[in-house]
>>> print(open('my_file-v9.txt').read())   # compact mmCIF, C-alpha atoms
# COMPACT_ATOMS: atom_id res chain seq x y z
CA MET A 12 -18.12 -18.67 -0.11
CA LYS A 13 -17.76 -16.36 2.88
CA VAL A 14 -15.57 -13.35 2.13
CA LEU A 15 -14.45 -11.26 5.08
CA LYS A 16 -14.14 -7.53 4.47
CA ILE A 17 -11.28 -5.99 6.43
CA ALA A 18 -9.82 -2.48 6.19
CA ALA A 19 -6.04 -2.69 6.47
CA PHE A 20 -3.74 0.07 7.71
CA SER A 21 -6.66 1.82 9.40
CA TYR A 22 -6.34 5.08 11.31
CA GLY A 23 -7.99 4.18 14.59
CA ASP A 24 -11.60 3.25 13.88
CA ILE A 25 -11.69 4.89 10.47
CA GLY A 26 -9.93 4.71 7.13
CA GLY A 27 -7.71 1.96 5.87
CA ASN A 28 -7.83 0.11 2.58
CA PRO A 29 -10.65 -2.47 2.37
CA ALA A 30 -9.69 -5.93 1.16
CA GLY A 31 -11.61 -9.13 0.75
CA VAL A 32 -10.31 -12.28 2.46
CA ALA A 33 -11.56 -15.74 1.49
CA ILE A 34 -10.20 -18.67 3.51
CA CYS A 35 -10.97 -21.83 1.54
CA ASP A 36 -10.37 -25.58 1.75
CA ALA A 37 -9.37 -25.48 -1.93
CA PHE A 38 -9.05 -22.73 -4.51
CA PRO A 39 -11.89 -22.13 -6.94
CA ASP A 40 -10.68 -21.90 -10.53
CA ALA A 41 -8.97 -18.65 -11.53
CA ALA A 42 -11.99 -17.36 -13.46
CA SER A 43 -14.20 -17.82 -10.40
CA MET A 44 -11.72 -16.03 -8.12
CA GLN A 45 -11.56 -13.19 -10.63
CA GLN A 46 -15.35 -12.99 -10.66
CA ILE A 47 -15.56 -13.03 -6.86
CA ALA A 48 -12.96 -10.23 -6.63
CA ALA A 49 -14.98 -8.17 -9.10
CA GLN A 50 -18.17 -8.76 -7.11
CA VAL A 51 -16.47 -7.80 -3.84
CA GLY A 52 -15.34 -4.65 -5.63
CA PHE A 53 -12.28 -3.81 -3.53
CA SER A 54 -8.88 -3.19 -5.06
CA GLU A 55 -7.82 -6.71 -4.01
CA THR A 56 -9.20 -9.90 -2.54
CA ALA A 57 -6.90 -12.52 -1.03
CA PHE A 58 -7.70 -16.23 -1.34
CA ALA A 59 -5.91 -18.53 1.13
CA VAL A 60 -5.78 -22.32 1.32
CA PRO A 61 -3.97 -24.28 4.08
CA ILE A 62 -1.14 -26.48 2.77
CA GLY A 63 0.69 -28.21 5.61
CA PRO A 64 1.97 -25.61 8.08
CA ARG A 65 1.72 -22.79 5.53
CA TRP A 66 -0.98 -20.97 3.60
CA ARG A 67 -1.04 -20.79 -0.19
CA VAL A 68 -2.25 -17.32 -1.16
CA ARG A 69 -3.41 -15.74 -4.43
CA TYR A 70 -4.50 -12.12 -4.92
CA PHE A 71 -7.06 -10.82 -7.42
CA SER A 72 -8.03 -7.26 -8.28
CA PRO A 73 -11.33 -6.61 -10.07
CA GLU A 74 -9.49 -6.96 -13.40
CA SER A 75 -6.40 -9.14 -12.91
CA GLU A 76 -4.39 -11.44 -10.67
CA VAL A 77 -1.47 -9.68 -8.95
CA PRO A 78 1.63 -11.39 -7.53
CA PHE A 79 1.62 -9.63 -4.16
CA CYS A 80 -0.66 -7.21 -2.33
CA GLY A 81 0.38 -5.66 0.96
CA HIS A 82 -2.93 -4.45 2.35
CA ALA A 83 -4.70 -7.72 1.49
CA THR A 84 -1.86 -9.56 3.28
CA ILE A 85 -2.40 -7.42 6.37
CA ALA A 86 -6.13 -8.16 6.14
CA LEU A 87 -5.34 -11.87 5.82
CA GLY A 88 -3.07 -11.71 8.88
CA ALA A 89 -5.92 -10.15 10.84
CA ALA A 90 -8.36 -12.81 9.62
CA LEU A 91 -6.01 -15.65 10.54
CA ALA A 92 -5.42 -14.19 14.01
CA LEU A 93 -9.16 -13.89 14.58
CA ARG A 94 -9.66 -17.48 13.40
CA HIS A 95 -6.61 -19.26 14.84
CA GLY A 96 -5.28 -16.94 17.53
CA ASP A 97 -2.26 -14.68 17.59
CA GLY A 98 0.74 -15.89 15.66
CA VAL A 99 3.08 -15.70 12.70
CA PHE A 100 1.72 -17.39 9.59
CA GLY A 101 3.84 -18.61 6.68
CA LEU A 102 2.50 -17.66 3.26
CA THR A 103 3.41 -19.11 -0.12
CA LEU A 104 2.69 -16.64 -2.93
CA ASN A 105 2.95 -17.16 -6.67
CA ASN A 106 6.60 -16.07 -6.71
CA ALA A 107 7.77 -15.83 -3.09
CA GLU A 108 7.44 -17.10 0.45
CA ILE A 109 6.74 -14.56 3.18
CA THR A 110 5.16 -14.32 6.62
CA VAL A 111 2.39 -12.27 8.17
CA GLU A 112 1.88 -11.76 11.89
CA GLY A 113 -1.51 -11.07 13.43
CA ARG A 114 -2.17 -10.04 17.04
CA ARG A 115 -5.48 -9.07 18.59
CA SER A 116 -5.64 -5.92 20.70
CA GLY A 117 -9.10 -5.25 22.06
CA GLU A 118 -11.48 -4.75 19.15
CA ARG A 119 -8.66 -4.17 16.69
CA VAL A 120 -6.02 -6.43 15.21
CA ALA A 121 -2.42 -5.39 14.60
CA ALA A 122 -0.69 -7.08 11.68
CA ALA A 123 2.77 -7.02 10.12
CA LEU A 124 4.06 -8.56 6.93
CA GLN A 125 7.58 -9.42 5.89
CA SER A 126 7.85 -8.47 2.25
CA PRO A 127 9.55 -10.44 -0.51
CA PRO A 128 13.11 -9.29 -1.30
CA THR A 129 13.42 -5.76 -2.67
CA LYS A 130 15.36 -4.23 -5.54
CA SER A 131 15.25 -1.07 -7.64
CA ARG A 132 16.54 0.41 -10.86
CA PRO A 133 16.54 3.94 -12.36
CA ALA A 134 13.64 4.86 -14.61
CA ALA A 135 14.52 5.72 -18.22
CA PRO A 136 14.31 9.46 -19.04
CA ALA A 137 11.75 8.96 -21.81
CA LEU A 138 9.59 6.92 -19.46
CA ILE A 139 9.80 9.61 -16.78
CA ASP A 140 8.59 12.18 -19.30
CA GLU A 141 5.67 9.91 -20.22
CA VAL A 142 4.64 9.53 -16.58
CA LEU A 143 4.97 13.26 -15.92
CA HIS A 144 2.74 13.94 -18.92
CA LEU A 145 0.16 11.45 -17.62
CA PHE A 146 -0.19 13.42 -14.37
CA GLY A 147 0.37 16.88 -15.79
CA TYR A 148 3.58 17.39 -13.82
CA THR A 149 6.91 18.79 -15.03
CA ARG A 150 10.45 17.97 -13.98
CA ASP A 151 10.36 21.10 -11.79
CA ASP A 152 7.78 19.29 -9.63
CA LEU A 153 10.22 16.47 -8.80
CA ASP A 154 12.25 16.13 -5.59
CA PRO A 155 15.83 15.74 -6.85
CA ARG A 156 16.86 13.88 -3.68
CA ILE A 157 14.74 10.85 -4.66
CA PRO A 158 15.17 10.21 -8.40
CA PRO A 159 12.37 8.41 -10.29
CA ALA A 160 12.86 4.65 -10.19
CA VAL A 161 11.19 1.29 -10.63
CA ALA A 162 11.08 -0.28 -7.17
CA HIS A 163 10.28 -3.91 -6.49
CA GLY A 164 9.09 -5.60 -3.31
CA GLY A 165 7.13 -8.55 -4.63
CA ALA A 166 5.86 -6.50 -7.59
CA ASP A 167 7.05 -3.52 -9.61
CA HIS A 168 6.02 0.06 -8.78
CA LEU A 169 7.13 3.30 -10.42
CA VAL A 170 8.30 5.79 -7.75
CA LEU A 171 7.87 9.49 -8.41
CA ALA A 172 8.87 11.83 -5.56
CA LEU A 173 7.40 15.35 -5.57
CA LYS A 174 8.89 18.37 -3.83
CA SER A 175 5.61 19.85 -2.54
CA ARG A 176 2.59 18.54 -0.68
CA ALA A 177 0.39 20.72 -2.89
CA ALA A 178 1.58 18.92 -6.02
CA LEU A 179 0.74 15.58 -4.42
CA ALA A 180 -2.73 16.81 -3.42
CA ALA A 181 -3.36 17.97 -6.99
CA MET A 182 -2.80 14.52 -8.51
CA THR A 183 -5.10 13.72 -11.41
CA TYR A 184 -4.82 11.47 -14.46
CA ASP A 185 -6.81 9.60 -17.08
CA LEU A 186 -7.61 6.09 -15.86
CA ASP A 187 -7.55 4.43 -19.28
CA ALA A 188 -4.24 6.07 -20.23
CA GLY A 189 -2.78 5.07 -16.87
CA ARG A 190 -3.99 1.48 -17.33
CA ARG A 191 -2.36 1.21 -20.74
CA LEU A 192 0.95 2.61 -19.49
CA MET A 193 1.09 0.51 -16.32
CA ASN A 194 0.09 -2.72 -18.04
CA ARG A 195 2.63 -2.12 -20.79
CA GLU A 196 5.43 -1.60 -18.25
CA GLY A 197 4.29 -4.29 -15.79
CA TRP A 198 3.79 -1.85 -12.91
CA ILE A 199 1.20 -2.69 -10.27
CA THR A 200 0.96 0.92 -9.05
CA ILE A 201 2.64 4.27 -9.46
CA LEU A 202 3.74 5.61 -6.08
CA LEU A 203 3.73 9.39 -5.74
CA ALA A 204 5.54 10.56 -2.59
CA TYR A 205 6.26 13.76 -0.68
CA ALA A 206 8.91 13.75 2.07
CA GLU A 207 7.60 15.79 5.00
CA THR A 208 10.69 14.70 6.95
CA ALA A 209 13.37 12.07 6.39
CA GLN A 210 11.15 9.51 8.15
CA ARG A 211 7.60 10.68 7.39
CA PHE A 212 6.13 10.55 3.89
CA HIS A 213 2.79 11.35 2.31
CA THR A 214 1.97 9.06 -0.60
CA ARG A 215 -0.69 8.40 -3.21
CA ASN A 216 -0.97 5.22 -5.28
CA PRO A 217 -2.81 5.12 -8.60
CA PHE A 218 -3.69 1.47 -9.30
CA ALA A 219 -4.95 1.77 -12.86
CA SER A 220 -3.46 -1.63 -13.77
CA GLY A 221 -6.16 -3.19 -11.59
CA GLY A 222 -8.91 -0.85 -12.73
CA VAL A 223 -8.73 1.24 -9.53
CA TYR A 224 -8.12 5.00 -9.75
CA GLU A 225 -6.34 5.19 -6.39
CA ASP A 226 -5.56 2.99 -3.38
CA PRO A 227 -5.90 4.53 0.10
CA ALA A 228 -3.17 2.31 1.60
CA THR A 229 -0.63 0.25 -0.33
CA GLY A 230 1.62 -2.08 1.66
CA ALA A 231 3.41 -3.64 -1.32
CA ALA A 232 4.36 -0.23 -2.73
CA THR A 233 5.45 0.90 0.75
CA ALA A 234 7.79 -2.11 1.00
CA ALA A 235 9.20 -1.42 -2.46
CA PHE A 236 9.62 2.28 -1.66
CA ALA A 237 11.35 1.53 1.65
CA GLY A 238 13.74 -0.81 -0.13
CA TYR A 239 14.46 1.90 -2.70
CA LEU A 240 15.21 4.46 0.03
CA ARG A 241 17.71 1.97 1.44
CA ASP A 242 19.27 1.56 -2.01
CA ILE A 243 19.88 5.31 -2.35
CA THR A 244 21.18 5.60 1.27
CA TRP A 245 18.32 7.89 2.30
CA PRO A 246 18.67 8.90 6.00
CA HIS A 247 15.69 6.83 7.15
CA GLN A 248 17.33 5.66 10.42
CA GLY A 249 15.75 2.24 9.95
CA VAL A 250 12.07 3.24 9.88
CA ILE A 251 9.62 5.30 7.88
CA ASP A 252 5.98 6.20 8.44
CA ILE A 253 3.58 6.62 5.55
CA VAL A 254 0.50 8.84 5.59
CA GLN A 255 -1.80 7.79 2.76
CA GLY A 256 -5.45 8.19 1.78
CA GLU A 257 -5.96 11.67 3.25
CA ASP A 258 -6.61 13.28 -0.14
CA MET A 259 -9.30 10.63 -0.70
CA GLY A 260 -10.91 11.21 2.70
CA VAL A 261 -9.79 7.72 3.78
CA PRO A 262 -6.93 8.27 6.28
CA SER A 263 -4.48 5.37 6.51
CA ARG A 264 -1.20 4.80 8.32
CA LEU A 265 1.65 2.42 7.43
CA HIS A 266 4.90 1.78 9.27
CA ALA A 267 7.94 0.23 7.58
CA GLU A 268 11.06 -1.11 9.26
CA ILE A 269 14.17 -1.13 7.07
CA PRO A 270 17.04 -3.47 8.00
CA PRO A 271 20.48 -2.58 6.65
CA GLU A 272 21.01 -5.62 4.40
CA PRO A 273 20.68 -4.64 0.71
CA GLY A 274 17.67 -6.33 -0.85
CA GLY A 275 16.43 -7.63 2.49
CA SER A 276 12.77 -8.02 3.44
CA ILE A 277 10.89 -4.95 4.70
CA ARG A 278 8.54 -5.28 7.66
CA VAL A 279 5.34 -3.30 7.00
CA SER A 280 2.81 -3.02 9.80
CA GLY A 281 -0.44 -1.36 10.77
CA THR A 282 -3.83 -1.98 12.33
CA ALA A 283 -6.90 -3.55 10.73
CA ARG A 284 -10.59 -3.20 11.39
CA LEU A 285 -13.25 -5.76 10.59
CA MET A 286 -16.02 -4.67 8.26
CA GLU A 287 -19.07 -6.71 7.22
CA SER A 288 -18.76 -10.19 5.70
>>> encode(input="my_file-v9.txt", output="structure tokens")
Amino acid sequence: MKVLKIAAFSYGDIGGNPAGVAICDAFPDAASMQQIAAQVGFSETAFAVPIGPRWRVRYFSPESEVPFCGHATIALGAALALRHGDGVFGLTLNNAEITVEGRRSGERVAAALQSPPTKSRPAAPALIDEVLHLFGYTRDDLDPRIPPAVAHGGADHLVLALKSRAALAAMTYDLDAGRRLMNREGWITILLAYAETAQRFHTRNPFASGGVYEDPATGAATAAFAGYLRDITWPHQGVIDIVQGEDMGVPSRLHAEIPPEPGGSIRVSGTARLMES
């Protein structure tokens, strides 16, 4: 099976989050897809099979299947554009139907996904304390304008907003403890965010649930976070830009467009660069 390797949400010719993309005539069994994802070694690999006018898509991390992955969807959009030409492609996921758009621009491909519906709920105080302990933060480190919450945009993510860039840069945690907590709560990632301005955020995304210490670009969490900002009437003016991966030395850029309808889909876009196959 040929697996394309594409870095999604790249910063020019560098950075981005690598994903595997396997376009198949039929899915291998789940155990085989899990094994392939582990061999590829990226945080996610997307498997896509054509079904009528749409594509059936499943996502696997090295340790588990996940319901939705933003950067692997962007990588898939780039792969489909390279294979079939520019266009908007309908995707059927395990629990939702979405679209991804891919458009070639010179040697790069621009891609944009429309997320599943979004929703959010406050995080319980005891759970907040547990997460703070995991990272060695205190409540004084939190930005009171963006309360901790569980945000959903195809999958659940715990949002923790910090009031300083230095606190974000200092992020550290125990991978096994993070895996146990995230798997217990059903979170795909924990999103740590710092608001540089009302429309520009720096984020980091521990992905311990998938056996990955940190993701350099996380489209699903960005969609969930954007939906949460809409829920709390944050002054986003309809768009936010995310700077991610810089503390890992893997600069990535994500752009999210936020329509006014509560719970509506978030458009998350960026560029992608083709790696080896």
>>> residues_near_point(input="my_file-v9.txt", point="(5.8, 19.7, 1.6)", cutoff="8 Å", atoms="all atoms listed in the file", output="MDAnalysis selection string")
chainID A and resid 174:177 205:207
>>> atom_distance(input="my_file-v9.txt", atom1="CA of Arg119 (chain A)", atom2="CA of Ser263 (chain A)")
14.6 Å
>>> closest_atom_pairs(input="my_file-v9.txt", of="region 189-239 of chain A", to="region 140-149 of chain A", cutoff="10 Å", atoms="only C-alpha atoms", output="JSON lines")
{"residue": "A:Gly189", "atom": "CA", "partner": "A:Leu145", "partner_atom": "CA", "distance": 7.1}
{"residue": "A:Leu192", "atom": "CA", "partner": "A:Val142", "partner_atom": "CA", "distance": 8.4}
{"residue": "A:Met193", "atom": "CA", "partner": "A:Val142", "partner_atom": "CA", "distance": 9.7}
{"residue": "A:Ile201", "atom": "CA", "partner": "A:Val142", "partner_atom": "CA", "distance": 9.1}
>>> closest_residue(input="my_file-v9.txt", among="A:Val161, A:Ala42, A:Val261, A:Leu91", to="Leu15 (chain A)", atoms="all atoms listed in the file")
A:Leu91
>>> residues_around(input="my_file-v9.txt", residues="Gly113 (chain A)", least_positions_apart="3", cutoff="6 Å", atoms="only C-alpha atoms", output="PyMOL selection string")
chain A and resi 88-89+92+97-98+121-122
>>> closest_residue(input="my_file-v9.txt", among="A:Ile269, A:Cys80, A:Ala172, A:Ile277", to="Gly31 (chain A)", atoms="all atoms listed in the file")
A:Cys80
>>> residues_around(input="my_file-v9.txt", residues="region 62-77 of chain A", least_positions_apart="6", cutoff="8 Å", atoms="all atoms listed in the file", output="list in words")
Met44, Gln45, Gln46, Ala48, Ala49, Gln50, Gly52, Phe53, Ser54, Glu55, Thr56, Ala83, Phe100, Gly101, Leu102, Thr103, Leu104, Asn105, Ile199, Gly221 and Gly222 of chain A
>>> atom_distance(input="my_file-v9.txt", atom1="CA of Ala37 (chain A)", atom2="CA of Lys13 (chain A)")
13.3 Å
>>> closest_residue(input="my_file-v9.txt", among="A:Phe79, A:Arg264, A:Ala232, A:Asp252", to="Gly26 (chain A)", atoms="all atoms listed in the file")
A:Arg264
>>> atom_distance(input="my_file-v9.txt", atom1="CA of Gly27 (chain A)", atom2="CA of Met259 (chain A)")
11.0 Å
>>> closest_residue(input="my_file-v9.txt", among="A:Leu240, A:Leu153, A:Ala231, A:Val254", to="Ala209 (chain A)", atoms="all atoms listed in the file")
A:Leu240
>>> residues_near_point(input="my_file-v9.txt", point="(1.4, -2.5, 6.1)", cutoff="7 Å", atoms="only C-alpha atoms", output="ChimeraX atom specification")
/A:20,81-82,85,123-124,230,265-266,279-281
>>> closest_residue(input="my_file-v9.txt", among="A:Ser43, A:Thr229, A:Ser126, A:Gln255", to="Glu268 (chain A)", atoms="only C-alpha atoms")
A:Ser126
>>> closest_residue(input="my_file-v9.txt", among="A:Ala134, A:Val14, A:Leu203, A:Ile34", to="Arg94 (chain A)", atoms="all atoms listed in the file")
A:Ile34
>>> axis_aligned_box(input="my_file-v9.txt", around="region 265-270 of chain A", padding_each_side="8 Å", output="lines of an AutoDock Vina configuration file")
center_x = 9.3
center_y = -0.5
center_z = 8.2
size_x = 31.4
size_y = 21.9
size_z = 18.2
>>> residues_around(input="my_file-v9.txt", residues="Ala160 (chain A)", least_positions_apart="4", cutoff="8 Å", atoms="only C-alpha atoms", output="number ranges by chain")
A: 131-134, 169-171
>>> write_last_selection(input="my_file-v9.txt", atoms="C-alpha atoms", output="mmCIF file, in the coordinates of the input")
data_model
loop_
_atom_site.group_PDB
_atom_site.id
_atom_site.type_symbol
_atom_site.label_atom_id
_atom_site.label_comp_id
_atom_site.auth_asym_id
_atom_site.auth_seq_id
_atom_site.Cartn_x
_atom_site.Cartn_y
_atom_site.Cartn_z
ATOM 1 C CA SER A 131 15.250 -1.070 -7.640
ATOM 2 C CA ARG A 132 16.540 0.410 -10.860
ATOM 3 C CA PRO A 133 16.540 3.940 -12.360
ATOM 4 C CA ALA A 134 13.640 4.860 -14.610
ATOM 5 C CA LEU A 169 7.130 3.300 -10.420
ATOM 6 C CA VAL A 170 8.300 5.790 -7.750
ATOM 7 C CA LEU A 171 7.870 9.490 -8.410
#
>>> decode(input="my_file-v9.txt", residues="region 22-35 of chain A", atoms="N, CA, C and O atoms", output="PDB file, in the first residue's frame")
ATOM      1  N   TYR A  22       4.408  26.095   7.282  1.00  0.00           N
ATOM      2  CA  TYR A  22       4.791  27.511   7.313  1.00  0.00           C
ATOM      3  C   TYR A  22       5.764  27.718   6.168  1.00  0.00           C
ATOM      4  O   TYR A  22       6.959  27.524   6.313  1.00  0.00           O
ATOM      5  N   GLY A  23       5.215  28.058   4.997  1.00  0.00           N
ATOM      6  CA  GLY A  23       6.044  28.103   3.797  1.00  0.00           C
ATOM      7  C   GLY A  23       6.523  26.706   3.447  1.00  0.00           C
ATOM      8  O   GLY A  23       5.737  25.768   3.357  1.00  0.00           O
ATOM      9  N   ASP A  24       7.839  26.575   3.285  1.00  0.00           N
ATOM     10  CA  ASP A  24       8.417  25.285   2.898  1.00  0.00           C
ATOM     11  C   ASP A  24       8.892  24.474   4.090  1.00  0.00           C
ATOM     12  O   ASP A  24       9.576  23.456   3.919  1.00  0.00           O
ATOM     13  N   ILE A  25       8.557  24.909   5.290  1.00  0.00           N
ATOM     14  CA  ILE A  25       8.996  24.192   6.474  1.00  0.00           C
ATOM     15  C   ILE A  25       7.802  23.939   7.393  1.00  0.00           C
ATOM     16  O   ILE A  25       6.708  24.471   7.196  1.00  0.00           O
ATOM     17  N   GLY A  26       8.040  23.149   8.425  1.00  0.00           N
ATOM     18  CA  GLY A  26       7.045  22.951   9.470  1.00  0.00           C
ATOM     19  C   GLY A  26       5.819  22.192   8.998  1.00  0.00           C
ATOM     20  O   GLY A  26       5.813  21.483   7.993  1.00  0.00           O
ATOM     21  N   GLY A  27       4.760  22.351   9.759  1.00  0.00           N
ATOM     22  CA  GLY A  27       3.538  21.607   9.508  1.00  0.00           C
ATOM     23  C   GLY A  27       3.550  20.277  10.243  1.00  0.00           C
ATOM     24  O   GLY A  27       4.584  19.820  10.735  1.00  0.00           O
ATOM     25  N   ASN A  28       2.381  19.673  10.313  1.00  0.00           N
ATOM     26  CA  ASN A  28       2.224  18.410  11.031  1.00  0.00           C
ATOM     27  C   ASN A  28       2.145  17.269  10.027  1.00  0.00           C
ATOM     28  O   ASN A  28       1.189  17.185   9.248  1.00  0.00           O
ATOM     29  N   PRO A  29       3.122  16.370   9.999  1.00  0.00           N
ATOM     30  CA  PRO A  29       3.093  15.278   9.025  1.00  0.00           C
ATOM     31  C   PRO A  29       1.938  14.309   9.288  1.00  0.00           C
ATOM     32  O   PRO A  29       1.659  13.954  10.428  1.00  0.00           O
ATOM     33  N   ALA A  30       1.293  13.898   8.227  1.00  0.00           N
ATOM     34  CA  ALA A  30       0.240  12.886   8.295  1.00  0.00           C
ATOM     35  C   ALA A  30       0.451  11.893   7.165  1.00  0.00           C
ATOM     36  O   ALA A  30       0.971  12.237   6.104  1.00  0.00           O
ATOM     37  N   GLY A  31       0.039  10.672   7.405  1.00  0.00           N
ATOM     38  CA  GLY A  31       0.005   9.692   6.336  1.00  0.00           C
ATOM     39  C   GLY A  31      -1.348   9.727   5.642  1.00  0.00           C
ATOM     40  O   GLY A  31      -2.367   9.989   6.274  1.00  0.00           O
ATOM     41  N   VAL A  32      -1.360   9.503   4.339  1.00  0.00           N
ATOM     42  CA  VAL A  32      -2.602   9.436   3.568  1.00  0.00           C
ATOM     43  C   VAL A  32      -2.542   8.189   2.689  1.00  0.00           C
ATOM     44  O   VAL A  32      -1.655   8.061   1.840  1.00  0.00           O
ATOM     45  N   ALA A  33      -3.493   7.294   2.889  1.00  0.00           N
ATOM     46  CA  ALA A  33      -3.600   6.078   2.081  1.00  0.00           C
ATOM     47  C   ALA A  33      -4.935   6.099   1.347  1.00  0.00           C
ATOM     48  O   ALA A  33      -5.994   6.062   1.984  1.00  0.00           O
ATOM     49  N   ILE A  34      -4.893   6.202   0.029  1.00  0.00           N
ATOM     50  CA  ILE A  34      -6.098   6.170  -0.793  1.00  0.00           C
ATOM     51  C   ILE A  34      -6.232   4.752  -1.343  1.00  0.00           C
ATOM     52  O   ILE A  34      -5.362   4.273  -2.076  1.00  0.00           O
ATOM     53  N   CYS A  35      -7.308   4.071  -0.960  1.00  0.00           N
ATOM     54  CA  CYS A  35      -7.451   2.637  -1.208  1.00  0.00           C
ATOM     55  C   CYS A  35      -8.719   2.357  -2.020  1.00  0.00           C
ATOM     56  O   CYS A  35      -9.667   3.146  -2.005  1.00  0.00           O
TER      57      CYS A  35
END
